[in-house]
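J.: Below is one structure. I have some questions about it.
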Amino acid sequence: MEVGAHNSPRTVEEVFRDFKGRRIGLIKALTTDVEEFFQRCDPEKENLCLYGFPTEQWEVNLPAEEVPPELPEPALGINFARDGMQEKDWLALVAVHSDAWLLSVAFYFGARFGFDKADRKRLFNMINDLPTIFEVVTGAAKMQFQDKLGVTTHSGSKSKPNLKMQLNVCLASQSIHACEKMSTLQSKDESEGLDEEEEEDEEEHGDTLCGACGENYAQDEFWICCDICERWFHGKCVKITPARAEHIKQYKCPTCSNKRARP
């Protein structure tokens, strides 16, 4: 199931890449591939585990037979709770255990290859810069981002951030660069104070998190927003191209589509 020890990551950077790959795979299982994940977690089967791999893939399978296993094992029996609680609560529970497993694997490598105090601290800081799987699955990361960008009105409610409006322009133009050009032209006709606000918005773009992989916004990547849950996704993560997005009147992410399709 796992690669041999001779292929294990040995440096902080290699362990972090291993962590990110496994993390992306687990997030896929709990978000974009949630329908398939749900079906594979049949409560009638034996104890099942959710595995994430460095290749950004995931798998639901029985635990390793050898004792002790080559790597720390994920939580056992995630399938037994599937029909005994609400789906969102079950997914959140699996996400929490997946976060714990990722940390145990990363620091297993750190212990095995003798990371010192400085290396362990650096590895933890690199990991801690990413939102947890639980935060991505439950939308906590999105709410934190909205709280940061939201502007309170006189009525006490928060207006929608400029980020969504700017990225919608990008979708219509099929290019992130088109958005940047339009922002530049607009800034010529605005006051110096408005220019400063636009600069702040651009800085905060980097805090946008993909609802599928949990990675940050990048200017050279195509993004699309779900009109139901209002989460942003890399186009590549949900298999939507700029050309295809131009013909979509209302986009529903895989999670929202599956929830509406399931009885």
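Labeling convention for the structure tokens: chains A, B, ... as they appear, residues from 1 per chain, ligands from 1 in order of appearance.
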So which bits of range 21-94 of chain A end up alpha helix (DSSP H) when you DSSP the backbone, as a ChimeraX atom specification?
T.: /A:21-30,34-40,87-94
J.: For the strand (DSSP E) assignment from backbone DSSP, which residues of range 205-249 of chain A qualify? Please present them as JSON, numbers by chain.
T.: {"A": [223, 224, 225, 232, 233, 234]}
J.: So, with only C-alpha atoms as the atoms that count, which of A:Cys237, A:Lys20, A:Asp42, A:Pro74 lies closest to Thr132 in chain A?
T.: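 Closest to Thr132 in chain A, using only C-alpha atoms: A:Lys20.
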J.: Taking 6 positions as the minimum chain separation for residues in the same chain, which residues sit within 8 Å of Lys28 in chain A when counting only C-alpha atoms? Answer as an MDAnalysis selection string.
T.: chainID A and resid 34 57:58 212:213
J.: Show me, as a list of chain:residue names, the residues that have an atom within 10 Å of Leu26 in chain A when counting only C-alpha atoms, minus same-chain residues fewer than 5 positions from it.
T.: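 Here the qualifying residues turn out to be A:Lys20, A:Gly21, A:Thr31, A:Asp33, A:Leu50, A:Tyr51, A:Gly52, A:Phe53, A:Glu56, A:Gln57, A:Trp58, A:Glu59, A:Val94, A:Ala95, A:Ser98, A:Asp99, A:Leu102, A:Ile133, A:Ala212, A:Cys213.
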J.: From the options A:Gly139, A:Pro254, A:Gly84, A:Pro68, which residue's atoms come nearest to Ala29 in chain A, counting only C-alpha atoms?
T.: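 For Ala29 in chain A, the nearest of the candidates is A:Pro254.
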J.: Can you tell me, as a PDB file with N, CA, C and O atoms, in the first residue's frame, what residues are no more than 10 Å from range 8-14 of chain A when counting only C-alpha atoms, ignoring any on the same chain fewer than 5 positions away?
T.:
ATOM      1  N   GLU A   2       1.940   1.233   0.814  1.00  0.00           N
ATOM      2  CA  GLU A   2       2.849   2.358   0.871  1.00  0.00           C
ATOM      3  C   GLU A   2       4.169   1.987   0.222  1.00  0.00           C
ATOM      4  O   GLU A   2       4.517   0.807   0.093  1.00  0.00           O
ATOM      5  N   VAL A   3       4.936   3.030  -0.165  1.00  0.00           N
ATOM      6  CA  VAL A   3       6.262   2.781  -0.727  1.00  0.00           C
ATOM      7  C   VAL A   3       7.171   2.269   0.367  1.00  0.00           C
ATOM      8  O   VAL A   3       6.943   2.449   1.554  1.00  0.00           O
ATOM      9  N   PHE A  19       3.476  15.343   3.006  1.00  0.00           N
ATOM     10  CA  PHE A  19       2.312  15.783   3.777  1.00  0.00           C
ATOM     11  C   PHE A  19       1.282  16.455   2.870  1.00  0.00           C
ATOM     12  O   PHE A  19       0.078  16.151   2.932  1.00  0.00           O
ATOM     13  N   LYS A  20       1.736  17.358   2.006  1.00  0.00           N
ATOM     14  CA  LYS A  20       0.815  18.086   1.131  1.00  0.00           C
ATOM     15  C   LYS A  20       0.118  17.144   0.162  1.00  0.00           C
ATOM     16  O   LYS A  20      -1.076  17.292  -0.105  1.00  0.00           O
ATOM     17  N   ALA A 106       3.866  12.583   9.354  1.00  0.00           N
ATOM     18  CA  ALA A 106       4.932  13.555   9.131  1.00  0.00           C
ATOM     19  C   ALA A 106       5.990  13.480  10.234  1.00  0.00           C
ATOM     20  O   ALA A 106       7.200  13.460   9.950  1.00  0.00           O
ATOM     21  N   PHE A 109       8.205  10.330  10.193  1.00  0.00           N
ATOM     22  CA  PHE A 109       9.384  10.492   9.336  1.00  0.00           C
ATOM     23  C   PHE A 109      10.442  11.344  10.033  1.00  0.00           C
ATOM     24  O   PHE A 109      11.637  11.067   9.947  1.00  0.00           O
ATOM     25  N   GLY A 110       9.985  12.405  10.710  1.00  0.00           N
ATOM     26  CA  GLY A 110      10.934  13.265  11.407  1.00  0.00           C
ATOM     27  C   GLY A 110      11.721  12.514  12.468  1.00  0.00           C
ATOM     28  O   GLY A 110      12.944  12.702  12.612  1.00  0.00           O
ATOM     29  N   ARG A 112      12.139   9.185  12.584  1.00  0.00           N
ATOM     30  CA  ARG A 112      12.900   8.097  11.960  1.00  0.00           C
ATOM     31  C   ARG A 112      14.218   8.581  11.387  1.00  0.00           C
ATOM     32  O   ARG A 112      15.235   7.896  11.449  1.00  0.00           O
ATOM     33  N   PHE A 113      14.207   9.780  10.840  1.00  0.00           N
ATOM     34  CA  PHE A 113      15.419  10.294  10.203  1.00  0.00           C
ATOM     35  C   PHE A 113      16.101  11.382  11.026  1.00  0.00           C
ATOM     36  O   PHE A 113      16.871  12.186  10.510  1.00  0.00           O
ATOM     37  N   GLY A 114      15.796  11.414  12.313  1.00  0.00           N
ATOM     38  CA  GLY A 114      16.583  12.211  13.245  1.00  0.00           C
ATOM     39  C   GLY A 114      16.468  13.707  13.108  1.00  0.00           C
ATOM     40  O   GLY A 114      17.484  14.409  13.268  1.00  0.00           O
ATOM     41  N   PHE A 115      15.276  14.228  12.839  1.00  0.00           N
ATOM     42  CA  PHE A 115      15.124  15.679  12.798  1.00  0.00           C
ATOM     43  C   PHE A 115      15.413  16.250  14.184  1.00  0.00           C
ATOM     44  O   PHE A 115      14.899  15.750  15.196  1.00  0.00           O
ATOM     45  N   ASP A 119      14.574  21.474  13.041  1.00  0.00           N
ATOM     46  CA  ASP A 119      13.893  20.867  11.893  1.00  0.00           C
ATOM     47  C   ASP A 119      12.434  20.554  12.217  1.00  0.00           C
ATOM     48  O   ASP A 119      11.542  20.765  11.393  1.00  0.00           O
ATOM     49  N   ARG A 120      12.191  20.040  13.429  1.00  0.00           N
ATOM     50  CA  ARG A 120      10.816  19.732  13.814  1.00  0.00           C
ATOM     51  C   ARG A 120       9.969  20.996  13.881  1.00  0.00           C
ATOM     52  O   ARG A 120       8.801  21.013  13.453  1.00  0.00           O
ATOM     53  N   LYS A 121      10.555  22.060  14.406  1.00  0.00           N
ATOM     54  CA  LYS A 121       9.831  23.332  14.490  1.00  0.00           C
ATOM     55  C   LYS A 121       9.542  23.880  13.102  1.00  0.00           C
ATOM     56  O   LYS A 121       8.436  24.367  12.825  1.00  0.00           O
ATOM     57  N   ARG A 122      10.529  23.785  12.203  1.00  0.00           N
ATOM     58  CA  ARG A 122      10.338  24.281  10.835  1.00  0.00           C
ATOM     59  C   ARG A 122       9.256  23.470  10.124  1.00  0.00           C
ATOM     60  O   ARG A 122       8.408  24.024   9.412  1.00  0.00           O
ATOM     61  N   LEU A 123       9.270  22.150  10.304  1.00  0.00           N
ATOM     62  CA  LEU A 123       8.253  21.302   9.683  1.00  0.00           C
ATOM     63  C   LEU A 123       6.870  21.658  10.210  1.00  0.00           C
ATOM     64  O   LEU A 123       5.914  21.792   9.430  1.00  0.00           O
ATOM     65  N   PHE A 124       6.750  21.835  11.521  1.00  0.00           N
ATOM     66  CA  PHE A 124       5.451  22.171  12.096  1.00  0.00           C
ATOM     67  C   PHE A 124       4.951  23.515  11.571  1.00  0.00           C
ATOM     68  O   PHE A 124       3.761  23.662  11.244  1.00  0.00           O
ATOM     69  N   MET A 126       5.620  24.949   8.729  1.00  0.00           N
ATOM     70  CA  MET A 126       5.207  24.792   7.334  1.00  0.00           C
ATOM     71  C   MET A 126       3.829  24.143   7.266  1.00  0.00           C
ATOM     72  O   MET A 126       2.962  24.562   6.491  1.00  0.00           O
TER      73      MET A 126
END
J.: Figure out the distance between CA of Gly211 in chain A and CA of Trp232 in chain A, please, to one decimal in Å.
T.: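 These two atoms are separated by 5.8 Å.
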J.: With distances taken over only C-alpha atoms, which residue among A:Glu135, A:Glu73, A:Val67, A:Leu130 lies nearest Leu93 in chain A?
T.: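 That would be A:Glu135, the residue with the smallest distance to Leu93 in chain A.
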J.: Which value, in Å to one decimal, gives the distance between CA of Gly235 in chain A and CA of Cys210 in chain A?
T.: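 Here the two named atoms are 9.6 Å from each other.
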J.: List the neighbours of Thr138 in chain A out to 9 Å using only C-alpha atoms; skip same-chain residues closer than 6 positions along the sequence, and give me the result as a list in words.
T.: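 Within the cut-off, the hits are Lys88, Asp89, Leu91, Ala92 and Ala95 of chain A.
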J.: Using only C-alpha atoms, which of A:Glu44, A:Glu246, A:Asp18, A:Glu65 sits nearest Arg82 in chain A?
T.: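 Answer, going by the shortest atom-to-atom distance: A:Glu44.
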J.: Separation of CA of Asn47 in chain A and CA of Phe80 in chain A, in Å?
T.: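 For CA of Asn47 in chain A relative to CA of Phe80 in chain A, the distance reads 7.7 Å.
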